[in-house]
Amino acid sequence: MSHVFPRHSKAPPPMVSRGDGAYLFDAAGASYLNCGDAAVSCLGHGDAHVTAAIKAQLDRVAFAHTGYFTSAPAEALADRLVAAAPEGLDRVYFVSGGSEAVEAALKLARQYSIEVGQPERSHVIARRQSYHGNTLGALATGGNAARRAPFDPLLMKVSHVSPCYAYRGQAEGETEAQYVDRLIAELEAEIEAQGPETVMAFVAEPVVGATLGAVPAVGKYFARVRALCDQYGILLIFDEVMCGMGRTGTLFASEQHGVSPDICAIAKGLGAGYQPVGAMLCSARIHDTIRDGSGFFQHGHTYLGHPVACAAALAVVERLLDDDVLGRVTPLGDALHDALTERFGQHPHVGDIRGVGLFRAIELVQDRETKAPFDPSDKVHARLKAAAFAQGLICYPMGGSMDGTRGDHVLLAPPFILDDSDVGLLVDRLDAAVRAVL
Ligand code: PLP
């Protein structure tokens, strides 16, 4: 009997035995094309440069507490990230994962508000159908109703406005610009309703990942959000935990909107699965306010800035930028989109095919015309996940909502080292899984 406490305790998972490139193998030798590990393994498995960097760092120093030391990999990684980040992100705070990066971002926003002389600012506005992590602050910020439900009594109060989700949100006869106008008006009304002087931050994923399935914003949405935040003195926090680190074809997804946030959270692809690592980037203005004020950020975990994690992440960034693995994302993503469109473009139960770079999804519906989602009790997403796994495909399906505001979707976030034949195999296996379920 296993003593591991698995997440799904009624159906414990099989044992993984090894990974090779884009594939994982179980103990029985079956192989799985890995497109669904929550957008982590951007370099696949067995990357020699990353593993060599980890070994070399272990031989130098495994751990040194940041209360006493900085480390060469942390310094070099921060330099690389700031050089590549959107204008204005100047400092990097290293943590161990995505939820931690979002918690750090929220706490930094709060501490900055206090130190800049605006202690009345503490309210967070985020978006419905978003996910920002599973720790209590991050969970409260997210709008994923199912994940929040059991913990609601423990969560801080956050307002949630509509996401920019054109497939379901844009009304019949409404132009893209009018749709964006409406979303911005909704956000402004919420700021006014809360009292603008109490609002601390607006938090959003530039491309919504797990909750909606690879949904990019349309038009000038984020430029307008930025302008609104500036107008009211509200900090803009981007959560690029899933969509960052090259997943959309640029190192930071926000580059494609020409918008710089005040604070940005990254993780997942930063360590590419070789080490658990995340980071929070912020502006010099925020950093300097704290440096020149209290001089101490009141948030820290033991493993922040872990040298081995930073060495792994530095090697990942080198692979992405110096070896131009990042350059593969847009053409491969376009090829994947074309293949999905060819296979599912007329499928009666595929309502939308969307995404950017190697961050793609299909949305499953009962009826293409009305966009009616499946009844959540049908558990289409869970059955599809099992059917795809049986076909040798790891994908990331998510269920629709009870209120019918979103359908089941299948998120696909394959490694950037995929080749064209893998793209074909991915679509074949997904097709077989969809046939088995619908
Ligand atoms: N933010 C986003 C957008 C995510 O997709 C996730 C995880 O899926 C998180 C935050 C939380 O990251 P982690 O699971 O590493 O704590």
# chains A, B, ... in the order shown; residues from 1 in each chain; ligands from 1
>>> residues_around(residues="Asp37 of chain A", least_positions_apart="5", cutoff="10 Å", atoms="only C-alpha atoms", output="list of chain:residue names")
A:Cys42, A:Lys268, A:Gly273, A:Ile394, A:Cys395, A:Tyr396, A:Leu412, A:Ala413, A:Pro414, A:Pro415
>>> write_last_selection(atoms="N, CA and C atoms", output="JSON list (two decimals), in the first residue's frame")
[["chain", "number", "residue", "atom", "x", "y", "z"],
["A", 42, "CYS", "N", 8.47, 23.20, -20.92],
["A", 42, "CYS", "CA", 8.63, 23.86, -22.23],
["A", 42, "CYS", "C", 9.83, 23.30, -23.01],
["A", 268, "LYS", "N", 6.20, 28.19, -13.65],
["A", 268, "LYS", "CA", 6.06, 27.07, -14.59],
["A", 268, "LYS", "C", 7.23, 26.95, -15.58],
["A", 273, "GLY", "N", 10.19, 22.63, -15.22],
["A", 273, "GLY", "CA", 10.01, 21.36, -14.54],
["A", 273, "GLY", "C", 11.30, 20.79, -13.98],
["A", 394, "ILE", "N", -1.21, 13.37, -23.03],
["A", 394, "ILE", "CA", -1.49, 14.11, -21.80],
["A", 394, "ILE", "C", -1.92, 15.51, -22.22],
["A", 395, "CYS", "N", -3.20, 15.83, -21.96],
["A", 395, "CYS", "CA", -3.70, 17.18, -22.27],
["A", 395, "CYS", "C", -4.33, 17.72, -20.98],
["A", 396, "TYR", "N", -4.91, 18.90, -21.05],
["A", 396, "TYR", "CA", -5.37, 19.57, -19.82],
["A", 396, "TYR", "C", -6.82, 20.02, -20.01],
["A", 412, "LEU", "N", -4.02, 22.76, -24.60],
["A", 412, "LEU", "CA", -2.85, 22.05, -25.12],
["A", 412, "LEU", "C", -1.63, 22.96, -24.97],
["A", 413, "ALA", "N", -0.66, 22.51, -24.20],
["A", 413, "ALA", "CA", 0.54, 23.33, -23.98],
["A", 413, "ALA", "C", 1.77, 22.44, -24.12],
["A", 414, "PRO", "N", 2.10, 22.08, -25.37],
["A", 414, "PRO", "CA", 3.20, 21.13, -25.58],
["A", 414, "PRO", "C", 4.58, 21.78, -25.41],
["A", 415, "PRO", "N", 5.61, 20.96, -25.26],
["A", 415, "PRO", "CA", 6.98, 21.49, -25.20],
["A", 415, "PRO", "C", 7.35, 22.17, -26.52]]
>>> residues_near_ligand(ligand="ligand 1", cutoff="7 Å", atoms="only C-alpha atoms and all ligand atoms", output="ChimeraX atom specification")
/A:38,97-100,102,131-134,205,208-210,239-242,267-268
>>> write_last_selection(atoms="N, CA and C atoms", output="compact mmCIF listing (two decimals), in the first residue's frame")
# COMPACT_ATOMS: atom_id res chain seq x y z
N ALA A 38 0.26 21.34 -17.34
CA ALA A 38 0.02 22.71 -16.88
C ALA A 38 1.07 23.69 -17.41
N GLY A 97 7.36 28.99 -6.85
CA GLY A 97 6.29 28.55 -7.74
C GLY A 97 5.31 29.66 -8.02
N GLY A 98 4.25 29.34 -8.74
CA GLY A 98 3.33 30.35 -9.21
C GLY A 98 2.46 30.97 -8.13
N SER A 99 1.89 30.13 -7.26
CA SER A 99 1.02 30.68 -6.20
C SER A 99 1.83 31.62 -5.32
N GLU A 100 3.05 31.19 -5.02
CA GLU A 100 3.92 32.02 -4.19
C GLU A 100 4.25 33.35 -4.87
N VAL A 102 2.31 34.95 -6.93
CA VAL A 102 1.10 35.79 -6.86
C VAL A 102 0.93 36.34 -5.44
N TYR A 131 -7.54 32.00 -12.86
CA TYR A 131 -6.93 31.19 -11.82
C TYR A 131 -5.58 31.80 -11.49
N HIS A 132 -5.35 32.05 -10.20
CA HIS A 132 -4.09 32.68 -9.82
C HIS A 132 -3.32 31.87 -8.78
N GLY A 133 -3.76 30.64 -8.52
CA GLY A 133 -3.02 29.80 -7.58
C GLY A 133 -3.88 29.32 -6.44
N ASN A 134 -3.31 28.46 -5.63
CA ASN A 134 -4.09 27.72 -4.63
C ASN A 134 -3.83 28.12 -3.19
N GLU A 205 -4.58 37.57 -15.99
CA GLU A 205 -3.70 36.77 -16.85
C GLU A 205 -3.79 37.37 -18.26
N VAL A 208 -5.74 33.91 -20.67
CA VAL A 208 -6.32 33.09 -19.59
C VAL A 208 -6.01 31.62 -19.86
N GLY A 209 -5.46 30.96 -18.84
CA GLY A 209 -5.04 29.57 -19.03
C GLY A 209 -6.06 28.56 -18.58
N ALA A 210 -5.84 27.99 -17.40
CA ALA A 210 -6.59 26.81 -16.98
C ALA A 210 -8.10 27.01 -16.96
N ASP A 239 -0.46 38.18 -14.21
CA ASP A 239 -0.11 36.82 -13.82
C ASP A 239 0.27 36.07 -15.10
N GLU A 240 1.58 35.96 -15.31
CA GLU A 240 2.07 35.23 -16.49
C GLU A 240 2.63 33.87 -16.08
N VAL A 241 2.10 33.34 -14.99
CA VAL A 241 2.61 32.05 -14.50
C VAL A 241 2.47 30.98 -15.57
N MET A 242 1.32 30.98 -16.27
CA MET A 242 1.12 29.96 -17.28
C MET A 242 1.48 30.46 -18.69
N ALA A 267 6.32 31.66 -13.45
CA ALA A 267 6.75 30.40 -12.82
C ALA A 267 6.75 29.32 -13.91
N LYS A 268 6.20 28.19 -13.65
CA LYS A 268 6.06 27.07 -14.59
C LYS A 268 7.23 26.95 -15.58
>>> select_by_dssp(residues="segment 188-279 of chain A", states="strand (DSSP E)", output="list of chain:residue names")
A:Val199, A:Met200, A:Ala201, A:Phe202, A:Val203, A:Ala204, A:Val207, A:Val208, A:Val215, A:Pro216, A:Leu235, A:Leu236, A:Ile237, A:Phe238, A:Asp239, A:Ile263, A:Cys264, A:Ala265, A:Ile266, A:Gly278, A:Ala279
>>> write_last_selection(atoms="C-alpha atoms", output="tab-separated table (two decimals), in the first residue's frame")
chain	number	residue	atom	x	y	z
A	199	VAL	CA	-8.46	49.98	-4.73
A	200	MET	CA	-4.92	48.60	-4.56
A	201	ALA	CA	-4.53	46.43	-7.64
A	202	PHE	CA	-6.12	44.90	-10.70
A	203	VAL	CA	-4.91	41.36	-11.42
A	204	ALA	CA	-5.22	39.54	-14.76
A	207	VAL	CA	-3.88	34.99	-21.80
A	208	VAL	CA	-6.32	33.09	-19.59
A	215	VAL	CA	-8.09	32.91	-24.23
A	216	PRO	CA	-6.16	36.01	-25.34
A	235	LEU	CA	-1.29	48.86	-9.59
A	236	LEU	CA	-1.57	46.53	-12.57
A	237	ILE	CA	-0.47	42.98	-11.78
A	238	PHE	CA	-0.06	40.51	-14.62
A	239	ASP	CA	-0.11	36.82	-13.82
A	263	ILE	CA	4.21	43.73	-11.12
A	264	CYS	CA	4.41	40.45	-13.04
A	265	ALA	CA	4.33	36.88	-11.72
A	266	ILE	CA	6.05	34.07	-13.62
A	278	GLY	CA	8.90	31.25	-9.80
A	279	ALA	CA	9.53	34.95	-9.73
>>> residues_around(residues="segment 115-121 of chain A", least_positions_apart="3", cutoff="10 Å", atoms="only C-alpha atoms", output="PyMOL selection string")
chain A and resi 109-112+124+195-201+233-234+286+289-290+292-294
>>> atom_distance(atom1="atom CA of Val259 of chain A", atom2="atom CA of Arg354 of chain A")
21.7 Å
>>> residues_around(residues="Pro12 of chain A", least_positions_apart="4", cutoff="12 Å", atoms="only C-alpha atoms", output="list in words")
Met1, Ser2, His3, Val4, Phe5, Pro6, Arg7 and His8 of chain A
>>> write_last_selection(atoms="N, CA and C atoms", output="mmCIF file, in the first residue's frame")
data_model
loop_
_atom_site.group_PDB
_atom_site.id
_atom_site.type_symbol
_atom_site.label_atom_id
_atom_site.label_comp_id
_atom_site.auth_asym_id
_atom_site.auth_seq_id
_atom_site.Cartn_x
_atom_site.Cartn_y
_atom_site.Cartn_z
ATOM 1 N N MET A 1 0.840 -1.191 0.000
ATOM 2 C CA MET A 1 0.000 0.000 0.000
ATOM 3 C C MET A 1 0.880 1.248 0.000
ATOM 4 N N SER A 2 0.521 2.201 -0.875
ATOM 5 C CA SER A 2 1.289 3.450 -0.928
ATOM 6 C C SER A 2 0.952 4.347 0.248
ATOM 7 N N HIS A 3 1.952 5.024 0.790
ATOM 8 C CA HIS A 3 1.712 6.005 1.852
ATOM 9 C C HIS A 3 1.682 7.429 1.319
ATOM 10 N N VAL A 4 1.810 7.566 -0.008
ATOM 11 C CA VAL A 4 1.687 8.900 -0.607
ATOM 12 C C VAL A 4 0.215 9.308 -0.558
ATOM 13 N N PHE A 5 -0.041 10.565 -0.252
ATOM 14 C CA PHE A 5 -1.406 11.104 -0.252
ATOM 15 C C PHE A 5 -1.610 11.716 -1.637
ATOM 16 N N PRO A 6 -2.267 10.994 -2.558
ATOM 17 C CA PRO A 6 -2.405 11.533 -3.912
ATOM 18 C C PRO A 6 -3.528 12.563 -3.975
ATOM 19 N N ARG A 7 -3.470 13.431 -4.953
ATOM 20 C CA ARG A 7 -4.504 14.446 -5.081
ATOM 21 C C ARG A 7 -5.860 13.803 -5.373
ATOM 22 N N HIS A 8 -5.843 12.823 -6.298
ATOM 23 C CA HIS A 8 -7.077 12.090 -6.622
ATOM 24 C C HIS A 8 -7.034 10.777 -5.860
#
>>> decode(residues="segment 232-335 of chain A", atoms="C-alpha atoms", output="tab-separated table (two decimals), in the first residue's frame")
chain	number	residue	atom	x	y	z
A	232	TYR	CA	-6.93	55.85	-10.61
A	233	GLY	CA	-3.44	55.12	-9.24
A	234	ILE	CA	-4.13	51.37	-9.17
A	235	LEU	CA	-1.29	48.86	-9.59
A	236	LEU	CA	-1.57	46.53	-12.57
A	237	ILE	CA	-0.47	42.98	-11.78
A	238	PHE	CA	-0.06	40.51	-14.62
A	239	ASP	CA	-0.11	36.82	-13.82
A	240	GLU	CA	2.07	35.23	-16.49
A	241	VAL	CA	2.61	32.05	-14.50
A	242	MET	CA	1.12	29.96	-17.28
A	243	CYS	CA	1.30	32.17	-20.37
A	244	GLY	CA	4.78	33.60	-19.75
A	245	MET	CA	8.28	32.32	-20.48
A	246	GLY	CA	7.79	31.99	-24.20
A	247	ARG	CA	4.55	29.99	-24.20
A	248	THR	CA	2.82	32.52	-26.49
A	249	GLY	CA	5.83	33.12	-28.78
A	250	THR	CA	7.36	36.05	-26.88
A	251	LEU	CA	9.16	35.66	-23.57
A	252	PHE	CA	6.42	37.67	-21.82
A	253	ALA	CA	2.87	37.44	-23.19
A	254	SER	CA	2.26	41.11	-22.31
A	255	GLU	CA	4.86	42.14	-24.93
A	256	GLN	CA	2.21	41.35	-27.54
A	257	HIS	CA	-0.09	43.95	-26.04
A	258	GLY	CA	2.61	46.60	-25.73
A	259	VAL	CA	1.67	47.00	-22.09
A	260	SER	CA	3.96	46.90	-19.05
A	261	PRO	CA	2.45	45.92	-15.73
A	262	ASP	CA	3.73	47.27	-12.40
A	263	ILE	CA	4.21	43.73	-11.12
A	264	CYS	CA	4.41	40.45	-13.04
A	265	ALA	CA	4.33	36.88	-11.72
A	266	ILE	CA	6.05	34.07	-13.62
A	267	ALA	CA	6.75	30.40	-12.82
A	268	LYS	CA	6.06	27.07	-14.59
A	269	GLY	CA	8.17	27.43	-17.78
A	270	LEU	CA	10.79	29.39	-15.84
A	271	GLY	CA	12.10	26.18	-14.34
A	272	ALA	CA	10.66	24.05	-17.15
A	273	GLY	CA	10.01	21.36	-14.54
A	274	TYR	CA	13.72	20.90	-13.79
A	275	GLN	CA	13.35	22.84	-10.54
A	276	PRO	CA	10.37	24.38	-8.71
A	277	VAL	CA	10.93	28.10	-9.21
A	278	GLY	CA	8.90	31.25	-9.80
A	279	ALA	CA	9.53	34.95	-9.73
A	280	MET	CA	7.86	38.28	-9.23
A	281	LEU	CA	9.15	41.19	-11.29
A	282	CYS	CA	8.37	44.76	-10.32
A	283	SER	CA	9.12	48.32	-11.29
A	284	ALA	CA	12.05	50.29	-9.90
A	285	ARG	CA	9.48	52.73	-8.46
A	286	ILE	CA	8.00	50.02	-6.25
A	287	HIS	CA	11.35	48.56	-5.28
A	288	ASP	CA	12.89	51.96	-4.54
A	289	THR	CA	9.93	53.06	-2.43
A	290	ILE	CA	10.51	50.11	-0.14
A	291	ARG	CA	14.29	50.42	-0.23
A	292	ASP	CA	14.06	54.09	0.73
A	293	GLY	CA	11.24	53.43	3.23
A	294	SER	CA	11.16	50.43	5.55
A	295	GLY	CA	13.97	48.76	3.59
A	296	PHE	CA	12.41	45.35	4.15
A	297	PHE	CA	9.85	43.40	2.13
A	298	GLN	CA	7.67	41.69	4.72
A	299	HIS	CA	7.30	38.46	2.82
A	300	GLY	CA	9.71	35.61	2.51
A	301	HIS	CA	9.85	31.87	2.31
A	302	THR	CA	12.88	29.82	3.26
A	303	TYR	CA	13.65	28.72	-0.28
A	304	LEU	CA	13.40	32.08	-2.03
A	305	GLY	CA	16.25	32.59	-4.48
A	306	HIS	CA	17.35	28.96	-4.13
A	307	PRO	CA	20.69	28.77	-5.99
A	308	VAL	CA	20.02	25.43	-7.70
A	309	ALA	CA	16.55	26.54	-8.81
A	310	CYS	CA	17.99	29.80	-10.14
A	311	ALA	CA	20.81	27.93	-11.95
A	312	ALA	CA	18.21	25.70	-13.63
A	313	ALA	CA	16.06	28.69	-14.61
A	314	LEU	CA	19.08	30.57	-15.93
A	315	ALA	CA	19.92	27.59	-18.14
A	316	VAL	CA	16.28	27.47	-19.32
A	317	VAL	CA	16.40	31.15	-20.27
A	318	GLU	CA	19.70	30.54	-22.11
A	319	ARG	CA	18.11	27.72	-24.09
A	320	LEU	CA	15.08	29.87	-24.92
A	321	LEU	CA	16.99	32.99	-25.91
A	322	ASP	CA	20.57	31.99	-26.85
A	323	ASP	CA	19.66	28.77	-28.67
A	324	ASP	CA	16.45	30.37	-29.94
A	325	VAL	CA	14.16	27.57	-28.78
A	326	LEU	CA	11.72	30.46	-28.35
A	327	GLY	CA	11.85	31.02	-32.12
A	328	ARG	CA	10.16	27.62	-32.62
A	329	VAL	CA	7.01	28.60	-30.72
A	330	THR	CA	5.19	30.78	-33.26
A	331	PRO	CA	5.68	28.57	-36.34
A	332	LEU	CA	4.91	25.38	-34.39
A	333	GLY	CA	1.92	27.07	-32.78
A	334	ASP	CA	0.62	28.13	-36.18
A	335	ALA	CA	1.09	24.58	-37.48
